[in-house]
Amino acid sequence: MISVDEARRLALSGEERGAGPAAPRLVVIGCGSLLRGDDAVGPVLIRHLWDTGGAPDGVVLVDGGTAGMDVAFKMRGARRVILVDAAATGAEPGTVYQVPGEELEELPPLTGLHTHQFRWDHALAFGRWLLADQYPAEVTVYLIEIADTTPGAELTPAVAAAMELVAERIRAEWRERAR
């Protein structure tokens, strides 16, 4: 049986996933629940990017789902991370927020937090601590204001359009960084 210390070492080293020696330049993580309408915007964006040409060399696309703890490990070793998720602030559906990750890394103490309550924003603070020098130098978070979380629903038109806008911003960054 593997010890917790050994499992942690393997998780941090990437050995369990057969990670190669070169860290990705960019990791794009889409978070959210595919079962809850507009909340699926992050994972749908990842699938959309794959379906429309995939990612260039050095870019990794990750469906972060709803497992916030896993998001911290997906960032390990990347130079840059783009995280995409739904937001519910009451603004107009389809509104896109672009937030530097460092603005979201300082959270209140996680006392009493259960792992099933652990979200991607917790992963930023946790990742900074856990990953130390393997934490990305730059993190950008795109939040897309949602309208409908009806189970089984498709993305609403406003959210689908905002997702396409964010996808184009990501592709533009790929082109810019390739120069």
# chains A, B, ... in the order shown; residues from 1 in each chain; ligands from 1

$ closest_atom_pairs --of "segment 23-71 of chain A" --to "segment 144-148 of chain A" --cutoff "9 Å" --atoms "only C-alpha atoms" --output "JSON lines"
{"residue": "A:Arg36", "atom": "CA", "partner": "A:Asp148", "partner_atom": "CA", "distance": 8.0}
{"residue": "A:Gly37", "atom": "CA", "partner": "A:Asp148", "partner_atom": "CA", "distance": 5.9}
{"residue": "A:Asp38", "atom": "CA", "partner": "A:Ile146", "partner_atom": "CA", "distance": 5.6}
{"residue": "A:Asp39", "atom": "CA", "partner": "A:Ile146", "partner_atom": "CA", "distance": 7.0}
{"residue": "A:Val41", "atom": "CA", "partner": "A:Ile144", "partner_atom": "CA", "distance": 7.8}
{"residue": "A:Gly42", "atom": "CA", "partner": "A:Ile144", "partner_atom": "CA", "distance": 8.9}

$ write_last_selection --atoms "N, CA and C atoms" --output "JSON list (two decimals), in the first residue's frame"
[["chain", "number", "residue", "atom", "x", "y", "z"],
["A", 36, "ARG", "N", -25.61, 21.23, -15.09],
["A", 36, "ARG", "CA", -26.38, 22.37, -14.59],
["A", 36, "ARG", "C", -26.42, 23.54, -15.56],
["A", 37, "GLY", "N", -26.87, 23.34, -16.77],
["A", 37, "GLY", "CA", -27.07, 24.44, -17.71],
["A", 37, "GLY", "C", -25.84, 25.31, -17.89],
["A", 38, "ASP", "N", -26.02, 26.61, -17.67],
["A", 38, "ASP", "CA", -24.93, 27.57, -17.87],
["A", 38, "ASP", "C", -23.71, 27.33, -16.99],
["A", 39, "ASP", "N", -23.88, 26.62, -15.88],
["A", 39, "ASP", "CA", -22.74, 26.33, -15.02],
["A", 39, "ASP", "C", -21.70, 25.48, -15.75],
["A", 41, "VAL", "N", -20.32, 26.14, -18.52],
["A", 41, "VAL", "CA", -19.59, 26.94, -19.50],
["A", 41, "VAL", "C", -18.09, 26.65, -19.54],
["A", 42, "GLY", "N", -17.46, 26.38, -18.41],
["A", 42, "GLY", "CA", -16.02, 26.09, -18.41],
["A", 42, "GLY", "C", -15.69, 24.80, -19.14]]

$ residues_around --residues "Val99 of chain A" --least-positions-apart "6" --cutoff "10 Å" --atoms "only C-alpha atoms" --output "VMD selection string"
chain A and resid 83 139 to 143

$ write_last_selection --atoms "C-alpha atoms" --output "PDB file, in the first residue's frame"
ATOM      1  CA  LEU A  83      -9.171  29.386 -15.587  1.00  0.00           C
ATOM      2  CA  VAL A 139      -2.964  33.115 -13.507  1.00  0.00           C
ATOM      3  CA  THR A 140      -5.915  34.750 -15.246  1.00  0.00           C
ATOM      4  CA  VAL A 141      -9.515  33.929 -14.380  1.00  0.00           C
ATOM      5  CA  TYR A 142     -12.391  34.484 -16.791  1.00  0.00           C
ATOM      6  CA  LEU A 143     -15.811  34.435 -15.167  1.00  0.00           C
TER       7      LEU A 143
END

$ residues_around --residues "Ala158 of chain A" --least-positions-apart "3" --cutoff "7 Å" --atoms "only C-alpha atoms" --output "list of chain:residue names"
A:Pro93, A:Gly94, A:Ala161, A:Ala162

$ write_last_selection --atoms "C-alpha atoms" --output "PDB file, in the first residue's frame"
ATOM      1  CA  PRO A  93     -26.049  37.173 -18.406  1.00  0.00           C
ATOM      2  CA  GLY A  94     -23.044  36.815 -20.690  1.00  0.00           C
ATOM      3  CA  ALA A 161     -21.808  33.947 -27.083  1.00  0.00           C
ATOM      4  CA  ALA A 162     -19.672  35.002 -24.096  1.00  0.00           C
TER       5      ALA A 162
END

$ closest_residue --among "A:Ile82, A:Val60, A:Ala72, A:Leu35" --to "Trp129 of chain A" --atoms "only C-alpha atoms"
A:Ala72

$ residues_around --residues "Gln134 of chain A" --least-positions-apart "3" --cutoff "9 Å" --atoms "only C-alpha atoms" --output "ChimeraX atom specification"
/A:12,75-79,127-128,130-131,137

$ closest_residue --among "A:Gly64, A:Pro151, A:Gly32, A:Gly101" --to "Asp85 of chain A" --atoms "only C-alpha atoms"
A:Gly32
